[in-house]
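entry23.txt (compact mmCIF, C-alpha atoms) appears below.
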```
# COMPACT_ATOMS: atom_id res chain seq x y z
CA MET A 1 35.09 11.21 1.69
CA LYS A 2 32.33 13.72 1.06
CA VAL A 3 29.72 12.71 -1.51
CA ARG A 4 28.46 15.51 -3.68
CA PHE A 5 25.35 14.95 -5.77
CA PRO A 6 25.48 16.46 -9.25
CA SER A 7 21.87 17.60 -9.06
CA PRO A 8 19.04 17.98 -6.56
CA LEU A 9 17.07 15.45 -8.62
CA ILE A 10 19.56 12.68 -7.90
CA ALA A 11 19.57 13.64 -4.21
CA LEU A 12 15.78 13.37 -4.20
CA PHE A 13 15.94 9.97 -5.89
CA VAL A 14 18.43 8.65 -3.34
CA THR A 15 16.31 10.06 -0.49
CA LEU A 16 13.24 8.28 -1.87
CA LEU A 17 15.17 5.00 -2.06
CA ILE A 18 16.32 5.31 1.54
CA ALA A 19 13.04 6.64 3.01
CA PRO A 20 10.71 4.13 4.66
CA LEU A 21 8.10 2.76 2.27
CA SER A 22 5.20 4.13 4.34
CA ALA A 23 6.66 7.63 4.13
CA ARG A 24 6.55 7.46 0.32
CA ARG A 25 2.94 6.32 -0.04
CA PRO A 26 0.32 8.92 0.65
CA ASN A 27 -3.31 7.89 0.79
CA VAL A 28 -5.07 8.72 -2.47
CA ILE A 29 -8.80 9.36 -2.53
CA ILE A 30 -10.45 10.67 -5.67
CA ILE A 31 -13.94 12.08 -5.31
CA PHE A 32 -15.63 12.48 -8.66
CA THR A 33 -19.06 14.09 -8.63
CA ASP A 34 -21.64 14.45 -11.34
CA ASP A 35 -23.26 17.79 -12.09
CA GLN A 36 -21.17 19.77 -9.62
CA GLY A 37 -20.42 23.32 -10.65
CA SER A 38 -16.99 24.87 -10.29
CA ILE A 39 -17.97 26.77 -7.11
CA ASP A 40 -20.50 24.34 -5.62
CA MET A 41 -18.65 24.06 -2.29
CA ASN A 42 -18.16 26.75 0.34
CA CYS A 43 -14.35 26.48 0.06
CA TYR A 44 -14.67 27.45 -3.61
CA GLY A 45 -17.03 30.35 -2.96
CA ALA A 46 -20.58 28.94 -2.79
CA LYS A 47 -22.81 31.08 -0.58
CA ASP A 48 -26.09 29.22 -1.18
CA LEU A 49 -24.92 25.71 -0.20
CA VAL A 50 -23.74 24.11 3.04
CA THR A 51 -20.82 21.73 2.44
CA PRO A 52 -18.94 21.30 5.76
CA HIS A 53 -17.75 17.74 5.17
CA MET A 54 -16.39 18.38 1.69
CA ASP A 55 -14.85 21.65 2.93
CA GLY A 56 -13.17 19.70 5.76
CA LEU A 57 -11.66 17.26 3.28
CA ALA A 58 -10.46 20.16 1.15
CA LYS A 59 -8.89 21.84 4.17
CA ARG A 60 -6.92 18.70 5.13
CA GLY A 61 -6.06 17.60 1.60
CA VAL A 62 -5.35 19.04 -1.80
CA ARG A 63 -7.63 21.58 -3.46
CA PHE A 64 -7.66 21.98 -7.20
CA THR A 65 -8.46 25.52 -8.25
CA GLN A 66 -8.01 25.06 -11.98
CA PHE A 67 -9.34 21.91 -13.53
CA TYR A 68 -10.72 20.41 -16.68
CA SER A 69 -13.42 17.85 -17.33
CA ALA A 70 -12.85 15.64 -20.34
CA ALA A 71 -16.53 15.69 -21.32
CA PRO A 72 -19.84 17.27 -20.31
CA VAL A 73 -21.46 13.87 -19.65
CA CYS A 74 -20.79 11.09 -17.17
CA SER A 75 -19.11 8.09 -18.82
CA PRO A 76 -16.64 9.93 -21.08
CA SER A 77 -15.60 12.28 -18.26
CA ARG A 78 -14.92 9.25 -16.03
CA VAL A 79 -12.80 7.68 -18.79
CA GLY A 80 -10.78 10.89 -18.93
CA LEU A 81 -10.18 10.90 -15.19
CA LEU A 82 -9.39 7.19 -14.81
CA THR A 83 -7.21 6.74 -17.91
CA GLY A 84 -5.73 10.19 -18.38
CA ARG A 85 -6.80 10.03 -22.02
CA THR A 86 -9.39 11.89 -24.02
CA PRO A 87 -12.69 10.00 -24.06
CA GLN A 88 -12.23 9.20 -27.75
CA HIS A 89 -8.80 7.67 -27.13
CA GLY A 90 -10.17 5.95 -24.03
CA GLY A 91 -12.82 4.21 -26.10
CA LEU A 92 -16.00 6.08 -25.12
CA ASN A 93 -17.70 8.94 -26.89
CA GLY A 94 -20.97 8.87 -24.95
CA ASN A 95 -22.64 7.45 -21.87
CA VAL A 96 -22.61 3.68 -21.38
CA ARG A 97 -26.00 2.07 -21.91
CA LEU A 98 -27.10 -0.96 -19.92
CA ASN A 99 -26.32 -3.56 -22.64
CA SER A 100 -23.36 -1.82 -24.26
CA VAL A 101 -19.70 -2.83 -24.01
CA GLY A 102 -18.54 0.22 -22.06
CA MET A 103 -14.94 1.31 -21.68
CA PRO A 104 -12.69 -1.26 -23.36
CA SER A 105 -11.02 -3.44 -20.74
CA SER A 106 -7.72 -2.88 -22.54
CA GLN A 107 -7.68 0.68 -21.18
CA ILE A 108 -5.27 1.05 -18.27
CA THR A 109 -6.73 2.93 -15.33
CA ILE A 110 -5.12 4.84 -12.50
CA ALA A 111 -6.40 2.09 -10.16
CA GLU A 112 -4.52 -0.57 -12.12
CA GLU A 113 -1.32 1.47 -11.93
CA LEU A 114 -1.77 2.09 -8.21
CA LYS A 115 -2.26 -1.65 -7.64
CA LYS A 116 1.01 -2.35 -9.46
CA SER A 117 2.67 0.00 -6.96
CA GLY A 118 1.29 -1.91 -3.99
CA TYR A 119 -1.79 0.15 -3.21
CA ALA A 120 -5.10 -1.39 -2.17
CA THR A 121 -7.87 0.03 -4.34
CA ALA A 122 -11.62 0.37 -3.96
CA HIS A 123 -14.55 1.93 -5.73
CA VAL A 124 -17.64 3.27 -4.00
CA GLY A 125 -20.67 4.66 -5.80
CA LYS A 126 -21.56 5.14 -9.41
CA TRP A 127 -19.32 3.42 -11.99
CA HIS A 128 -21.09 3.89 -15.35
CA LEU A 129 -18.21 2.48 -17.43
CA GLY A 130 -19.40 -1.02 -18.22
CA HIS A 131 -21.33 -4.02 -16.96
CA SER A 132 -19.27 -7.05 -18.01
CA GLU A 133 -16.85 -8.89 -15.72
CA GLN A 134 -13.91 -7.18 -17.46
CA THR A 135 -15.34 -3.66 -17.36
CA ILE A 136 -16.73 -3.44 -13.81
CA PRO A 137 -14.54 -1.83 -11.12
CA ASN A 138 -12.87 -5.11 -10.06
CA GLY A 139 -11.97 -5.80 -13.69
CA GLN A 140 -10.40 -2.35 -14.07
CA GLY A 141 -8.28 -2.29 -10.95
```
As structure tokens, please, write out the structure in this file.
Amino acid sequence: MKVRFPSPLIALFVTLLIAPLSARRPNVIIIFTDDQGSIDMNCYGAKDLVTPHMDGLAKRGVRFTQFYSAAPVCSPSRVGLLTGRTPQHGGLNGNVRLNSVGMPSSQITIAEELKKSGYATAHVGKWHLGHSEQTIPNGQG
């Protein structure tokens, strides 16, 4: 008996169920830089900078040629990236000060969702979203 799928979407779903788990899980690395202009890498057109390592990553990975930053300052733009929400809906309107609460720990981050899916997560570098046990990187996934 020949099985005919009613749509390519169902065929894709069945393929994903049958495919080995490792084939379905790409590595995900997000590099978020402060104060980088839209063309501040050679692969985006910079002529006055030398960025061979970042250009190498871009060549082997995914390049985004149209993008949006949620805010012009650090903490709110990080909230936008990590939660997928506007900074206001993510709980931060400005930069986090040393003794302030920071991003509410109730916000769900991309790291928390990746962990639920079996990914190992890590954070390297500047966080700037909170200083309490609940709002540091380990508390947010």
Which residues come within 8 Å of region 69-84 of chain A, counting all atoms listed in the file, excluding same-chain residues fewer than 6 positions away, as number ranges by chain? A: 34, 90, 92-96, 103, 107-111, 128-129
Any chance you could export the current selection's C-alpha atoms as an mmCIF file, in the frame of the given file?
```
data_model
loop_
_atom_site.group_PDB
_atom_site.id
_atom_site.type_symbol
_atom_site.label_atom_id
_atom_site.label_comp_id
_atom_site.auth_asym_id
_atom_site.auth_seq_id
_atom_site.Cartn_x
_atom_site.Cartn_y
_atom_site.Cartn_z
ATOM 1 C CA ASP A 34 -21.640 14.450 -11.340
ATOM 2 C CA GLY A 90 -10.170 5.950 -24.030
ATOM 3 C CA LEU A 92 -16.000 6.080 -25.120
ATOM 4 C CA ASN A 93 -17.700 8.940 -26.890
ATOM 5 C CA GLY A 94 -20.970 8.870 -24.950
ATOM 6 C CA ASN A 95 -22.640 7.450 -21.870
ATOM 7 C CA VAL A 96 -22.610 3.680 -21.380
ATOM 8 C CA MET A 103 -14.940 1.310 -21.680
ATOM 9 C CA GLN A 107 -7.680 0.680 -21.180
ATOM 10 C CA ILE A 108 -5.270 1.050 -18.270
ATOM 11 C CA THR A 109 -6.730 2.930 -15.330
ATOM 12 C CA ILE A 110 -5.120 4.840 -12.500
ATOM 13 C CA ALA A 111 -6.400 2.090 -10.160
ATOM 14 C CA HIS A 128 -21.090 3.890 -15.350
ATOM 15 C CA LEU A 129 -18.210 2.480 -17.430
#
```
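The residue that comes closest to Gly91 (chain A), out of A:Lys115, A:Ser38, A:Pro104, A:Pro137 and on the basis of all atoms listed in the file, is A:Pro104.
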Quick one: residues within 12 Å of Gly56 (chain A), all atoms listed in the file, excluding same-chain residues fewer than 6 positions away - as an MDAnalysis selection string? chainID A and resid 41:43 50 62:63
Quick one: axis-aligned box around all listed atoms of region 77-85 of chain A, 6 Å on every side, centre and edge lengths in Å to one decimal, written as JSON.
```
{"center_x": -10.7, "center_y": 9.5, "center_z": -18.4, "size_x": 21.9, "size_y": 17.5, "size_z": 19.2}
```
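Note that CA of Val28 (chain A) and CA of Leu57 (chain A) are 12.2 Å apart.
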Coordinates-based distance that separates CA of Lys59 (chain A) from CA of Gly125 (chain A) (Å, one decimal):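 Taking CA of Gly125 (chain A) and CA of Lys59 (chain A), their separation equals 23.1 Å.
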Neighbours of Glu133 (chain A) within 12 Å (only C-alpha atoms; same-chain residues fewer than 2 positions away dropped), as a list in words?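 Once the nearby chain positions are removed, what remains is Val101, Gly102, Met103, Pro104, Ser105, Leu129, Gly130, His131, Thr135, Ile136, Pro137, Asn138, Gly139, Gln140 and Gly141 of chain A.
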Which residue is closest to Gly37 (chain A)? Choose from A:Arg60, A:Ser106, A:Arg97, A:Phe67 and count all atoms listed in the file.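 Result for the nearest residue to Gly37 (chain A): A:Phe67.
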What separation in Å, quoted to one decimal, exists between CA of Glu112 (chain A) and CA of Thr65 (chain A)?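 Taking CA of Glu112 (chain A) as the start and CA of Thr65 (chain A) as the end point, the length is 26.7 Å.
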Kindly provide, as a PyMOL selection string, the polymer residues lying within 12 Å of (3.5, 2.7, -7.3), counting all atoms listed in the file and using the coordinates exactly as they appear in the file. chain A and resi 21-22+24-28+110-120
